[in-house]
>>> print(open('start-v1.pdb').read())   # PDB, N, CA and C atoms
ATOM      1  N   MET A   8       0.841  -1.161   0.000
ATOM      2  CA  MET A   8       0.000   0.000   0.000
ATOM      3  C   MET A   8       0.893   1.233   0.000
ATOM      4  N   ARG A   9       0.655   2.141  -0.933
ATOM      5  CA  ARG A   9       1.459   3.353  -1.025
ATOM      6  C   ARG A   9       0.582   4.581  -0.869
ATOM      7  N   ASN A  10       1.087   5.560  -0.153
ATOM      8  CA  ASN A  10       0.424   6.859  -0.038
ATOM      9  C   ASN A  10      -1.061   6.745   0.287
ATOM     10  N   GLY A  11      -1.431   5.779   1.114
ATOM     11  CA  GLY A  11      -2.822   5.623   1.489
ATOM     12  C   GLY A  11      -3.712   5.070   0.388
ATOM     13  N   SER A  12      -3.099   4.615  -0.715
ATOM     14  CA  SER A  12      -3.906   4.043  -1.797
ATOM     15  C   SER A  12      -4.231   2.589  -1.461
ATOM     16  N   PRO A  13      -5.307   2.062  -2.024
ATOM     17  CA  PRO A  13      -5.691   0.682  -1.734
ATOM     18  C   PRO A  13      -4.611  -0.315  -2.153
ATOM     19  N   SER A  14      -4.553  -1.396  -1.444
ATOM     20  CA  SER A  14      -3.580  -2.453  -1.689
ATOM     21  C   SER A  14      -3.818  -3.122  -3.036
ATOM     22  N   ALA A  15      -2.744  -3.278  -3.816
ATOM     23  CA  ALA A  15      -2.842  -3.994  -5.094
ATOM     24  C   ALA A  15      -3.229  -5.447  -4.850
ATOM     25  N   THR A  16      -2.759  -6.028  -3.761
ATOM     26  CA  THR A  16      -3.111  -7.406  -3.433
ATOM     27  C   THR A  16      -4.600  -7.518  -3.141
ATOM     28  N   ALA A  17      -5.139  -6.601  -2.346
ATOM     29  CA  ALA A  17      -6.578  -6.630  -2.032
ATOM     30  C   ALA A  17      -7.406  -6.488  -3.310
ATOM     31  N   ARG A  18      -6.966  -5.637  -4.231
ATOM     32  CA  ARG A  18      -7.681  -5.479  -5.505
ATOM     33  C   ARG A  18      -7.621  -6.769  -6.324
ATOM     34  N   ALA A  19      -6.442  -7.399  -6.382
ATOM     35  CA  ALA A  19      -6.287  -8.634  -7.163
ATOM     36  C   ALA A  19      -7.163  -9.751  -6.600
ATOM     37  N   VAL A  20      -7.215  -9.879  -5.283
ATOM     38  CA  VAL A  20      -8.055 -10.896  -4.654
ATOM     39  C   VAL A  20      -9.527 -10.613  -4.956
ATOM     40  N   ALA A  21      -9.938  -9.365  -4.863
ATOM     41  CA  ALA A  21     -11.330  -9.010  -5.157
ATOM     42  C   ALA A  21     -11.682  -9.329  -6.603
ATOM     43  N   GLN A  22     -10.753  -9.108  -7.521
ATOM     44  CA  GLN A  22     -11.017  -9.410  -8.932
ATOM     45  C   GLN A  22     -11.183 -10.915  -9.152
ATOM     46  N   VAL A  23     -10.375 -11.716  -8.478
ATOM     47  CA  VAL A  23     -10.515 -13.175  -8.588
ATOM     48  C   VAL A  23     -11.883 -13.588  -8.042
ATOM     49  N   ARG A  24     -12.244 -13.077  -6.873
ATOM     50  CA  ARG A  24     -13.528 -13.436  -6.263
ATOM     51  C   ARG A  24     -14.705 -13.014  -7.138
ATOM     52  N   ALA A  25     -14.597 -11.862  -7.775
ATOM     53  CA  ALA A  25     -15.692 -11.366  -8.611
ATOM     54  C   ALA A  25     -15.961 -12.282  -9.803
ATOM     55  N   ALA A  26     -14.943 -12.980 -10.261
ATOM     56  CA  ALA A  26     -15.089 -13.870 -11.418
ATOM     57  C   ALA A  26     -15.570 -15.270 -11.029
ATOM     58  N   MET A  27     -15.637 -15.544  -9.744
ATOM     59  CA  MET A  27     -16.006 -16.877  -9.264
ATOM     60  C   MET A  27     -17.521 -17.038  -9.155
ATOM     61  N   ASP A  28     -17.955 -18.279  -9.211
ATOM     62  CA  ASP A  28     -19.335 -18.636  -8.911
ATOM     63  C   ASP A  28     -19.354 -18.983  -7.429
ATOM     64  N   ARG A  29     -19.879 -18.068  -6.599
ATOM     65  CA  ARG A  29     -19.816 -18.231  -5.149
ATOM     66  C   ARG A  29     -21.206 -18.317  -4.545
ATOM     67  N   PRO A  30     -21.310 -18.952  -3.380
ATOM     68  CA  PRO A  30     -22.609 -19.025  -2.710
ATOM     69  C   PRO A  30     -23.026 -17.662  -2.175
ATOM     70  N   VAL A  31     -24.311 -17.538  -1.917
ATOM     71  CA  VAL A  31     -24.869 -16.307  -1.346
ATOM     72  C   VAL A  31     -26.075 -16.699  -0.502
ATOM     73  N   THR A  32     -26.280 -16.037   0.635
ATOM     74  CA  THR A  32     -27.449 -16.322   1.461
ATOM     75  C   THR A  32     -28.677 -15.642   0.868
ATOM     76  N   VAL A  33     -29.835 -16.006   1.384
ATOM     77  CA  VAL A  33     -31.098 -15.439   0.896
ATOM     78  C   VAL A  33     -31.105 -13.911   1.031
ATOM     79  N   GLU A  34     -30.557 -13.400   2.115
ATOM     80  CA  GLU A  34     -30.526 -11.953   2.366
ATOM     81  C   GLU A  34     -29.284 -11.286   1.775
ATOM     82  N   GLY A  35     -28.364 -12.065   1.255
ATOM     83  CA  GLY A  35     -27.087 -11.543   0.789
ATOM     84  C   GLY A  35     -27.127 -10.933  -0.599
ATOM     85  N   ASP A  36     -26.042 -10.277  -0.944
ATOM     86  CA  ASP A  36     -25.885  -9.612  -2.241
ATOM     87  C   ASP A  36     -24.854 -10.383  -3.056
ATOM     88  N   GLY A  37     -25.315 -11.166  -4.019
ATOM     89  CA  GLY A  37     -24.431 -11.985  -4.835
ATOM     90  C   GLY A  37     -23.694 -11.229  -5.918
ATOM     91  N   ASP A  38     -23.994  -9.952  -6.076
ATOM     92  CA  ASP A  38     -23.376  -9.150  -7.136
ATOM     93  C   ASP A  38     -22.365  -8.145  -6.587
ATOM     94  N   ILE A  39     -22.137  -8.178  -5.283
ATOM     95  CA  ILE A  39     -21.350  -7.127  -4.636
ATOM     96  C   ILE A  39     -19.903  -7.066  -5.124
ATOM     97  N   GLU A  40     -19.245  -8.214  -5.319
ATOM     98  CA  GLU A  40     -17.847  -8.167  -5.774
ATOM     99  C   GLU A  40     -17.733  -7.578  -7.176
ATOM    100  N   ARG A  41     -18.644  -7.958  -8.052
ATOM    101  CA  ARG A  41     -18.607  -7.418  -9.412
ATOM    102  C   ARG A  41     -18.754  -5.897  -9.378
ATOM    103  N   GLN A  42     -19.673  -5.394  -8.565
ATOM    104  CA  GLN A  42     -19.860  -3.955  -8.448
ATOM    105  C   GLN A  42     -18.608  -3.273  -7.902
ATOM    106  N   LEU A  43     -17.954  -3.922  -6.951
ATOM    107  CA  LEU A  43     -16.744  -3.368  -6.355
ATOM    108  C   LEU A  43     -15.617  -3.252  -7.380
ATOM    109  N   VAL A  44     -15.356  -4.330  -8.126
ATOM    110  CA  VAL A  44     -14.194  -4.337  -9.018
ATOM    111  C   VAL A  44     -14.402  -3.526 -10.289
ATOM    112  N   GLU A  45     -15.629  -3.150 -10.592
ATOM    113  CA  GLU A  45     -15.869  -2.295 -11.762
ATOM    114  C   GLU A  45     -15.076  -0.996 -11.679
ATOM    115  N   ARG A  46     -14.747  -0.566 -10.483
ATOM    116  CA  ARG A  46     -14.019   0.692 -10.283
ATOM    117  C   ARG A  46     -12.495   0.530 -10.321
ATOM    118  N   PHE A  47     -12.040  -0.711 -10.360
ATOM    119  CA  PHE A  47     -10.603  -0.966 -10.344
ATOM    120  C   PHE A  47     -10.024  -0.863 -11.751
ATOM    121  N   PRO A  48      -8.814  -0.341 -11.856
ATOM    122  CA  PRO A  48      -8.159  -0.323 -13.173
ATOM    123  C   PRO A  48      -7.695  -1.725 -13.561
ATOM    124  N   GLY A  49      -7.818  -2.044 -14.828
ATOM    125  CA  GLY A  49      -7.320  -3.323 -15.347
ATOM    126  C   GLY A  49      -8.160  -4.495 -14.901
ATOM    127  N   ASP A  50      -7.992  -5.587 -15.593
ATOM    128  CA  ASP A  50      -8.761  -6.781 -15.243
ATOM    129  C   ASP A  50      -7.953  -8.053 -15.489
ATOM    130  N   ARG A  51      -6.646  -7.958 -15.317
ATOM    131  CA  ARG A  51      -5.807  -9.140 -15.562
ATOM    132  C   ARG A  51      -5.970 -10.145 -14.427
ATOM    133  N   ARG A  52      -5.831 -11.402 -14.778
ATOM    134  CA  ARG A  52      -5.965 -12.480 -13.797
ATOM    135  C   ARG A  52      -4.670 -12.607 -12.995
ATOM    136  N   SER A  53      -4.808 -12.684 -11.697
ATOM    137  CA  SER A  53      -3.665 -12.814 -10.808
ATOM    138  C   SER A  53      -2.950 -14.142 -11.055
ATOM    139  N   PRO A  54      -1.609 -14.162 -11.007
ATOM    140  CA  PRO A  54      -0.874 -15.425 -11.132
ATOM    141  C   PRO A  54      -1.235 -16.408 -10.012
ATOM    142  N   MET A  55      -1.785 -15.903  -8.922
ATOM    143  CA  MET A  55      -2.159 -16.755  -7.791
ATOM    144  C   MET A  55      -3.656 -17.072  -7.782
ATOM    145  N   ALA A  56      -4.339 -16.852  -8.892
ATOM    146  CA  ALA A  56      -5.794 -16.988  -8.947
ATOM    147  C   ALA A  56      -6.282 -18.369  -8.519
ATOM    148  N   ASP A  57      -5.627 -19.435  -8.969
ATOM    149  CA  ASP A  57      -6.080 -20.785  -8.604
ATOM    150  C   ASP A  57      -6.034 -20.991  -7.091
ATOM    151  N   LEU A  58      -4.940 -20.573  -6.477
ATOM    152  CA  LEU A  58      -4.815 -20.686  -5.023
ATOM    153  C   LEU A  58      -5.861 -19.809  -4.327
ATOM    154  N   LEU A  59      -6.049 -18.598  -4.814
ATOM    155  CA  LEU A  59      -7.028 -17.686  -4.212
ATOM    156  C   LEU A  59      -8.447 -18.245  -4.331
ATOM    157  N   GLU A  60      -8.758 -18.893  -5.439
ATOM    158  CA  GLU A  60     -10.086 -19.492  -5.607
ATOM    159  C   GLU A  60     -10.308 -20.606  -4.587
ATOM    160  N   ARG A  61      -9.322 -21.487  -4.422
ATOM    161  CA  ARG A  61      -9.454 -22.578  -3.448
ATOM    162  C   ARG A  61      -9.570 -22.030  -2.026
ATOM    163  N   ARG A  62      -8.771 -21.027  -1.722
ATOM    164  CA  ARG A  62      -8.809 -20.409  -0.392
ATOM    165  C   ARG A  62     -10.177 -19.759  -0.150
ATOM    166  N   THR A  63     -10.688 -19.055  -1.147
ATOM    167  CA  THR A  63     -11.996 -18.414  -1.031
ATOM    168  C   THR A  63     -13.093 -19.446  -0.826
ATOM    169  N   GLN A  64     -13.057 -20.526  -1.587
ATOM    170  CA  GLN A  64     -14.066 -21.583  -1.450
ATOM    171  C   GLN A  64     -14.034 -22.177  -0.043
ATOM    172  N   TRP A  65     -12.838 -22.400   0.494
ATOM    173  CA  TRP A  65     -12.711 -22.971   1.829
ATOM    174  C   TRP A  65     -13.298 -22.018   2.873
ATOM    175  N   PHE A  66     -12.905 -20.733   2.839
ATOM    176  CA  PHE A  66     -13.415 -19.772   3.818
ATOM    177  C   PHE A  66     -14.918 -19.543   3.646
ATOM    178  N   ASP A  67     -15.415 -19.550   2.417
ATOM    179  CA  ASP A  67     -16.860 -19.430   2.197
ATOM    180  C   ASP A  67     -17.588 -20.580   2.877
ATOM    181  N   ALA A  68     -17.106 -21.804   2.676
ATOM    182  CA  ALA A  68     -17.751 -22.988   3.252
ATOM    183  C   ALA A  68     -17.730 -22.951   4.780
ATOM    184  N   VAL A  69     -16.597 -22.582   5.356
ATOM    185  CA  VAL A  69     -16.486 -22.500   6.817
ATOM    186  C   VAL A  69     -17.436 -21.432   7.355
ATOM    187  N   THR A  70     -17.467 -20.280   6.701
ATOM    188  CA  THR A  70     -18.334 -19.187   7.146
ATOM    189  C   THR A  70     -19.802 -19.580   7.048
ATOM    190  N   LEU A  71     -20.208 -20.164   5.930
ATOM    191  CA  LEU A  71     -21.611 -20.564   5.762
ATOM    192  C   LEU A  71     -22.017 -21.648   6.758
ATOM    193  N   ARG A  72     -21.131 -22.614   7.008
ATOM    194  CA  ARG A  72     -21.448 -23.646   8.009
ATOM    195  C   ARG A  72     -21.661 -23.019   9.382
ATOM    196  N   ALA A  73     -20.829 -22.056   9.725
ATOM    197  CA  ALA A  73     -20.960 -21.380  11.021
ATOM    198  C   ALA A  73     -22.274 -20.601  11.097
ATOM    199  N   VAL A  74     -22.592 -19.870  10.040
ATOM    200  CA  VAL A  74     -23.829 -19.095  10.005
ATOM    201  C   VAL A  74     -25.039 -20.028  10.071
ATOM    202  N   GLU A  75     -25.028 -21.074   9.279
ATOM    203  CA  GLU A  75     -26.136 -22.038   9.276
ATOM    204  C   GLU A  75     -26.228 -22.787  10.599
ATOM    205  N   GLY A  76     -25.110 -22.890  11.307
ATOM    206  CA  GLY A  76     -25.082 -23.556  12.601
ATOM    207  C   GLY A  76     -25.531 -22.680  13.755
ATOM    208  N   GLY A  77     -25.845 -21.429  13.462
ATOM    209  CA  GLY A  77     -26.394 -20.548  14.490
ATOM    210  C   GLY A  77     -25.421 -19.580  15.132
ATOM    211  N   ILE A  78     -24.210 -19.479  14.594
ATOM    212  CA  ILE A  78     -23.262 -18.518  15.155
ATOM    213  C   ILE A  78     -23.851 -17.108  15.022
ATOM    214  N   SER A  79     -23.575 -16.239  15.983
ATOM    215  CA  SER A  79     -24.178 -14.904  15.938
ATOM    216  C   SER A  79     -23.193 -13.807  15.567
ATOM    217  N   GLN A  80     -21.902 -14.139  15.489
ATOM    218  CA  GLN A  80     -20.907 -13.118  15.170
ATOM    219  C   GLN A  80     -19.755 -13.718  14.369
ATOM    220  N   VAL A  81     -19.364 -13.020  13.306
ATOM    221  CA  VAL A  81     -18.236 -13.419  12.473
ATOM    222  C   VAL A  81     -17.262 -12.244  12.457
ATOM    223  N   VAL A  82     -15.999 -12.501  12.788
ATOM    224  CA  VAL A  82     -14.968 -11.468  12.748
ATOM    225  C   VAL A  82     -14.004 -11.816  11.623
ATOM    226  N   ILE A  83     -13.816 -10.876  10.706
ATOM    227  CA  ILE A  83     -12.908 -11.072   9.581
ATOM    228  C   ILE A  83     -11.722 -10.128   9.792
ATOM    229  N   VAL A  84     -10.547 -10.716  10.012
ATOM    230  CA  VAL A  84      -9.331  -9.945  10.270
ATOM    231  C   VAL A  84      -8.546  -9.827   8.974
ATOM    232  N   ALA A  85      -7.961  -8.655   8.724
ATOM    233  CA  ALA A  85      -7.272  -8.366   7.469
ATOM    234  C   ALA A  85      -8.261  -8.511   6.319
ATOM    235  N   ALA A  86      -9.409  -7.866   6.475
ATOM    236  CA  ALA A  86     -10.547  -8.048   5.574
ATOM    237  C   ALA A  86     -10.285  -7.603   4.141
ATOM    238  N   GLY A  87      -9.488  -6.579   3.930
ATOM    239  CA  GLY A  87      -9.275  -6.095   2.564
ATOM    240  C   GLY A  87     -10.603  -5.752   1.925
ATOM    241  N   TYR A  88     -10.869  -6.311   0.749
ATOM    242  CA  TYR A  88     -12.148  -6.098   0.071
ATOM    243  C   TYR A  88     -13.052  -7.316   0.242
ATOM    244  N   ASP A  89     -12.949  -7.982   1.370
ATOM    245  CA  ASP A  89     -13.786  -9.149   1.639
ATOM    246  C   ASP A  89     -15.243  -8.691   1.699
ATOM    247  N   CYS A  90     -16.086  -9.332   0.937
ATOM    248  CA  CYS A  90     -17.501  -8.937   0.865
ATOM    249  C   CYS A  90     -18.415  -9.951   1.536
ATOM    250  N   ARG A  91     -17.861 -10.832   2.353
ATOM    251  CA  ARG A  91     -18.693 -11.868   2.972
ATOM    252  C   ARG A  91     -19.789 -11.278   3.846
ATOM    253  N   ALA A  92     -19.543 -10.151   4.503
ATOM    254  CA  ALA A  92     -20.574  -9.540   5.342
ATOM    255  C   ALA A  92     -21.811  -9.182   4.511
ATOM    256  N   LEU A  93     -21.614  -8.792   3.267
ATOM    257  CA  LEU A  93     -22.742  -8.459   2.392
ATOM    258  C   LEU A  93     -23.247  -9.687   1.643
ATOM    259  N   ARG A  94     -22.357 -10.539   1.195
ATOM    260  CA  ARG A  94     -22.722 -11.748   0.442
ATOM    261  C   ARG A  94     -23.467 -12.741   1.336
ATOM    262  N   PHE A  95     -23.041 -12.872   2.601
ATOM    263  CA  PHE A  95     -23.616 -13.850   3.515
ATOM    264  C   PHE A  95     -24.506 -13.201   4.580
ATOM    265  N   ARG A  96     -24.991 -12.010   4.294
ATOM    266  CA  ARG A  96     -25.863 -11.297   5.233
ATOM    267  C   ARG A  96     -26.976 -12.233   5.704
ATOM    268  N   THR A  97     -27.170 -12.275   7.027
ATOM    269  CA  THR A  97     -28.181 -13.133   7.632
ATOM    270  C   THR A  97     -28.700 -12.442   8.884
ATOM    271  N   SER A  98     -30.007 -12.377   9.025
ATOM    272  CA  SER A  98     -30.598 -11.787  10.227
ATOM    273  C   SER A  98     -30.042 -12.466  11.470
ATOM    274  N   GLY A  99     -29.662 -11.672  12.465
ATOM    275  CA  GLY A  99     -29.150 -12.197  13.719
ATOM    276  C   GLY A  99     -27.666 -12.488  13.722
ATOM    277  N   VAL A 100     -26.988 -12.283  12.590
ATOM    278  CA  VAL A 100     -25.542 -12.513  12.522
ATOM    279  C   VAL A 100     -24.854 -11.168  12.307
ATOM    280  N   ARG A 101     -23.926 -10.875  13.172
ATOM    281  CA  ARG A 101     -23.164  -9.619  13.097
ATOM    282  C   ARG A 101     -21.785  -9.916  12.511
ATOM    283  N   PHE A 102     -21.419  -9.184  11.458
ATOM    284  CA  PHE A 102     -20.094  -9.301  10.857
ATOM    285  C   PHE A 102     -19.260  -8.101  11.290
ATOM    286  N   ILE A 103     -18.038  -8.369  11.709
ATOM    287  CA  ILE A 103     -17.097  -7.317  12.092
ATOM    288  C   ILE A 103     -15.871  -7.493  11.221
ATOM    289  N   GLU A 104     -15.465  -6.431  10.526
ATOM    290  CA  GLU A 104     -14.295  -6.485   9.657
ATOM    291  C   GLU A 104     -13.207  -5.577  10.218
ATOM    292  N   LEU A 105     -12.007  -6.126  10.330
ATOM    293  CA  LEU A 105     -10.859  -5.377  10.837
ATOM    294  C   LEU A 105      -9.790  -5.315   9.757
ATOM    295  N   ASP A 106      -9.326  -4.116   9.459
ATOM    296  CA  ASP A 106      -8.265  -3.957   8.470
ATOM    297  C   ASP A 106      -7.767  -2.522   8.513
ATOM    298  N   HIS A 107      -6.763  -2.269   7.721
ATOM    299  CA  HIS A 107      -6.289  -0.910   7.497
ATOM    300  C   HIS A 107      -7.455  -0.116   6.919
ATOM    301  N   PRO A 108      -7.621   1.140   7.260
ATOM    302  CA  PRO A 108      -8.800   1.887   6.789
ATOM    303  C   PRO A 108      -8.854   2.158   5.284
ATOM    304  N   SER A 109      -7.751   2.090   4.567
ATOM    305  CA  SER A 109      -7.761   2.446   3.147
ATOM    306  C   SER A 109      -8.680   1.569   2.298
ATOM    307  N   PRO A 110      -8.622   0.229   2.377
ATOM    308  CA  PRO A 110      -9.546  -0.578   1.573
ATOM    309  C   PRO A 110     -11.011  -0.322   1.926
ATOM    310  N   SER A 111     -11.283  -0.140   3.226
ATOM    311  CA  SER A 111     -12.664   0.115   3.641
ATOM    312  C   SER A 111     -13.170   1.430   3.061
ATOM    313  N   ARG A 112     -12.324   2.439   3.072
ATOM    314  CA  ARG A 112     -12.701   3.743   2.516
ATOM    315  C   ARG A 112     -12.977   3.630   1.023
ATOM    316  N   GLN A 113     -12.120   2.887   0.303
ATOM    317  CA  GLN A 113     -12.293   2.700  -1.132
ATOM    318  C   GLN A 113     -13.568   1.920  -1.421
ATOM    319  N   ALA A 114     -13.833   0.860  -0.650
ATOM    320  CA  ALA A 114     -15.038   0.050  -0.850
ATOM    321  C   ALA A 114     -16.290   0.876  -0.618
ATOM    322  N   ALA A 115     -16.267   1.736   0.383
ATOM    323  CA  ALA A 115     -17.436   2.569   0.684
ATOM    324  C   ALA A 115     -17.753   3.495  -0.489
ATOM    325  N   HIS A 116     -16.732   3.976  -1.169
ATOM    326  CA  HIS A 116     -16.939   4.859  -2.307
ATOM    327  C   HIS A 116     -17.489   4.115  -3.521
ATOM    328  N   SER A 117     -17.342   2.790  -3.541
ATOM    329  CA  SER A 117     -17.801   2.031  -4.713
ATOM    330  C   SER A 117     -19.257   1.595  -4.570
ATOM    331  N   ARG A 118     -19.848   1.792  -3.412
ATOM    332  CA  ARG A 118     -21.234   1.351  -3.199
ATOM    333  C   ARG A 118     -22.211   2.393  -3.653
TER     334      ARG A 118
END
>>> encode(input="start-v1.pdb", output="structure tokens")
Amino acid sequence: MRNGSPSATARAVAQVRAAMDRPVTVEGDGDIERQLVERFPGDRRSPMADLLERRTQWFDAVTLRAVEGGISQVVIVAAGYDCRALRFRTSGVRFIELDHPSPSRQAAHSR
């Protein structure tokens, strides 16, 4: 991250996620990543895309199992442009995202 600009890594991960077929809850927003990355320059595929896809699928599955199991709070550390709070929105579940403020500020401007 330079000069308070968003992380290139966070942008690359968001672009990989936006291209994936991912689960979404009934109350969630399945289009949120696509809307987010529309504002990013370029659209090249990350050299780590395959690994990022597997990692995303694993964390999605763990998060959904927890939500479906009745957990009431999910904390995402080093959230970057993680959109699980919006994608997996569920009544009675509170999502807390912790990260450097720059990605959060950029994401807020894209909504």
>>> atom_distance(input="start-v1.pdb", atom1="atom CA of A:Glu60", atom2="atom CA of A:Ser98")
27.0 Å
>>> select_by_dssp(input="start-v1.pdb", residues="stretch 65-113 of chain A", states="strand (DSSP E)", output="PyMOL selection string")
chain A and resi 80-84+101-105
>>> closest_residue(input="start-v1.pdb", among="A:Gly37, A:Gly87, A:Gly49, A:Thr32", to="A:Ser14", atoms="all atoms listed in the file")
A:Gly87
>>> resolve_selection(input="start-v1.pdb", expression="the PyMOL selection byres ((chain A and resi 95) around 6.5)", output="list in words")
Val31, Thr32, Glu34, Gly35, Asp36, Cys90, Arg91, Ala92, Leu93, Arg94, Arg96 and Thr97 of chain A
>>> resolve_selection(input="start-v1.pdb", expression="the PyMOL selection byres ((chain A and resi 83) around 8)", output="MDAnalysis selection string")
chainID A and resid 80:82 84:87 102:106
>>> residues_around(input="start-v1.pdb", residues="stretch 63-68 of chain A", least_positions_apart="5", cutoff="8 Å", atoms="only C-alpha atoms", output="list of chain:residue names")
A:Arg24, A:Arg29, A:Pro30, A:Arg91
>>> select_by_dssp(input="start-v1.pdb", residues="stretch 25-85 of chain A", states="helix (DSSP H, G or I)", output="ChimeraX atom specification")
/A:25-26,39-44,56-75
>>> atom_distance(input="start-v1.pdb", atom1="atom C of A:Pro48", atom2="atom C of A:Thr16")
12.3 Å
>>> atom_distance(input="start-v1.pdb", atom1="atom C of A:Gln42", atom2="atom CA of A:Thr70")
21.9 Å
>>> closest_residue(input="start-v1.pdb", among="A:Ile78, A:Glu45, A:Val69, A:Leu59", to="A:Val20", atoms="all atoms listed in the file")
A:Leu59
>>> axis_aligned_box(input="start-v1.pdb", around="stretch 68-84 of chain A", padding_each_side="8 Å", output="lines of an AutoDock Vina configuration file")
center_x = -17.5
center_y = -16.7
center_z = 9.3
size_x = 33.8
size_y = 29.8
size_z = 29.3
>>> build_atoms(input="start-v1.pdb", residues="stretch 34-41 of chain A", atoms="all heavy atoms", output="PDB file, keeping the file's coordinate frame")
ATOM      1  N   GLU A  34     -30.557 -13.400   2.115  1.00  0.00           N
ATOM      2  CA  GLU A  34     -30.526 -11.953   2.366  1.00  0.00           C
ATOM      3  C   GLU A  34     -29.284 -11.286   1.775  1.00  0.00           C
ATOM      4  O   GLU A  34     -29.170 -10.063   1.802  1.00  0.00           O
ATOM      5  CB  GLU A  34     -30.557 -11.675   3.874  1.00  0.00           C
ATOM      6  CG  GLU A  34     -31.799 -12.175   4.570  1.00  0.00           C
ATOM      7  CD  GLU A  34     -31.718 -12.002   6.074  1.00  0.00           C
ATOM      8  OE1 GLU A  34     -31.345 -10.907   6.537  1.00  0.00           O
ATOM      9  OE2 GLU A  34     -32.023 -12.978   6.788  1.00  0.00           O
ATOM     10  N   GLY A  35     -28.364 -12.065   1.255  1.00  0.00           N
ATOM     11  CA  GLY A  35     -27.087 -11.543   0.789  1.00  0.00           C
ATOM     12  C   GLY A  35     -27.127 -10.933  -0.599  1.00  0.00           C
ATOM     13  O   GLY A  35     -28.106 -11.062  -1.335  1.00  0.00           O
ATOM     14  N   ASP A  36     -26.042 -10.277  -0.944  1.00  0.00           N
ATOM     15  CA  ASP A  36     -25.885  -9.612  -2.241  1.00  0.00           C
ATOM     16  C   ASP A  36     -24.854 -10.383  -3.056  1.00  0.00           C
ATOM     17  O   ASP A  36     -23.653 -10.264  -2.829  1.00  0.00           O
ATOM     18  CB  ASP A  36     -25.428  -8.169  -2.023  1.00  0.00           C
ATOM     19  CG  ASP A  36     -25.291  -7.371  -3.299  1.00  0.00           C
ATOM     20  OD1 ASP A  36     -25.346  -7.969  -4.399  1.00  0.00           O
ATOM     21  OD2 ASP A  36     -25.130  -6.148  -3.208  1.00  0.00           O
ATOM     22  N   GLY A  37     -25.315 -11.166  -4.019  1.00  0.00           N
ATOM     23  CA  GLY A  37     -24.431 -11.985  -4.835  1.00  0.00           C
ATOM     24  C   GLY A  37     -23.694 -11.229  -5.918  1.00  0.00           C
ATOM     25  O   GLY A  37     -22.835 -11.788  -6.588  1.00  0.00           O
ATOM     26  N   ASP A  38     -23.994  -9.952  -6.076  1.00  0.00           N
ATOM     27  CA  ASP A  38     -23.376  -9.150  -7.136  1.00  0.00           C
ATOM     28  C   ASP A  38     -22.365  -8.145  -6.587  1.00  0.00           C
ATOM     29  O   ASP A  38     -21.789  -7.361  -7.330  1.00  0.00           O
ATOM     30  CB  ASP A  38     -24.485  -8.422  -7.901  1.00  0.00           C
ATOM     31  CG  ASP A  38     -24.036  -7.914  -9.250  1.00  0.00           C
ATOM     32  OD1 ASP A  38     -23.244  -8.608  -9.921  1.00  0.00           O
ATOM     33  OD2 ASP A  38     -24.466  -6.813  -9.639  1.00  0.00           O
ATOM     34  N   ILE A  39     -22.137  -8.178  -5.283  1.00  0.00           N
ATOM     35  CA  ILE A  39     -21.350  -7.127  -4.636  1.00  0.00           C
ATOM     36  C   ILE A  39     -19.903  -7.066  -5.124  1.00  0.00           C
ATOM     37  O   ILE A  39     -19.373  -5.988  -5.346  1.00  0.00           O
ATOM     38  CB  ILE A  39     -21.425  -7.243  -3.092  1.00  0.00           C
ATOM     39  CG1 ILE A  39     -20.859  -6.004  -2.434  1.00  0.00           C
ATOM     40  CG2 ILE A  39     -20.778  -8.507  -2.588  1.00  0.00           C
ATOM     41  CD1 ILE A  39     -21.653  -4.753  -2.687  1.00  0.00           C
ATOM     42  N   GLU A  40     -19.245  -8.214  -5.319  1.00  0.00           N
ATOM     43  CA  GLU A  40     -17.847  -8.167  -5.774  1.00  0.00           C
ATOM     44  C   GLU A  40     -17.733  -7.578  -7.176  1.00  0.00           C
ATOM     45  O   GLU A  40     -16.828  -6.789  -7.441  1.00  0.00           O
ATOM     46  CB  GLU A  40     -17.205  -9.551  -5.759  1.00  0.00           C
ATOM     47  CG  GLU A  40     -16.801 -10.032  -4.394  1.00  0.00           C
ATOM     48  CD  GLU A  40     -17.856 -10.934  -3.775  1.00  0.00           C
ATOM     49  OE1 GLU A  40     -18.900 -11.176  -4.395  1.00  0.00           O
ATOM     50  OE2 GLU A  40     -17.624 -11.391  -2.654  1.00  0.00           O
ATOM     51  N   ARG A  41     -18.644  -7.958  -8.052  1.00  0.00           N
ATOM     52  CA  ARG A  41     -18.607  -7.418  -9.412  1.00  0.00           C
ATOM     53  C   ARG A  41     -18.754  -5.897  -9.378  1.00  0.00           C
ATOM     54  O   ARG A  41     -18.035  -5.169 -10.047  1.00  0.00           O
ATOM     55  CB  ARG A  41     -19.707  -8.031 -10.286  1.00  0.00           C
ATOM     56  CG  ARG A  41     -19.591  -7.577 -11.750  1.00  0.00           C
ATOM     57  CD  ARG A  41     -20.853  -7.865 -12.547  1.00  0.00           C
ATOM     58  NE  ARG A  41     -22.046  -7.275 -11.976  1.00  0.00           N
ATOM     59  CZ  ARG A  41     -22.369  -5.966 -12.061  1.00  0.00           C
ATOM     60  NH1 ARG A  41     -21.583  -5.120 -12.680  1.00  0.00           N
ATOM     61  NH2 ARG A  41     -23.488  -5.507 -11.512  1.00  0.00           N
TER      62      ARG A  41
END
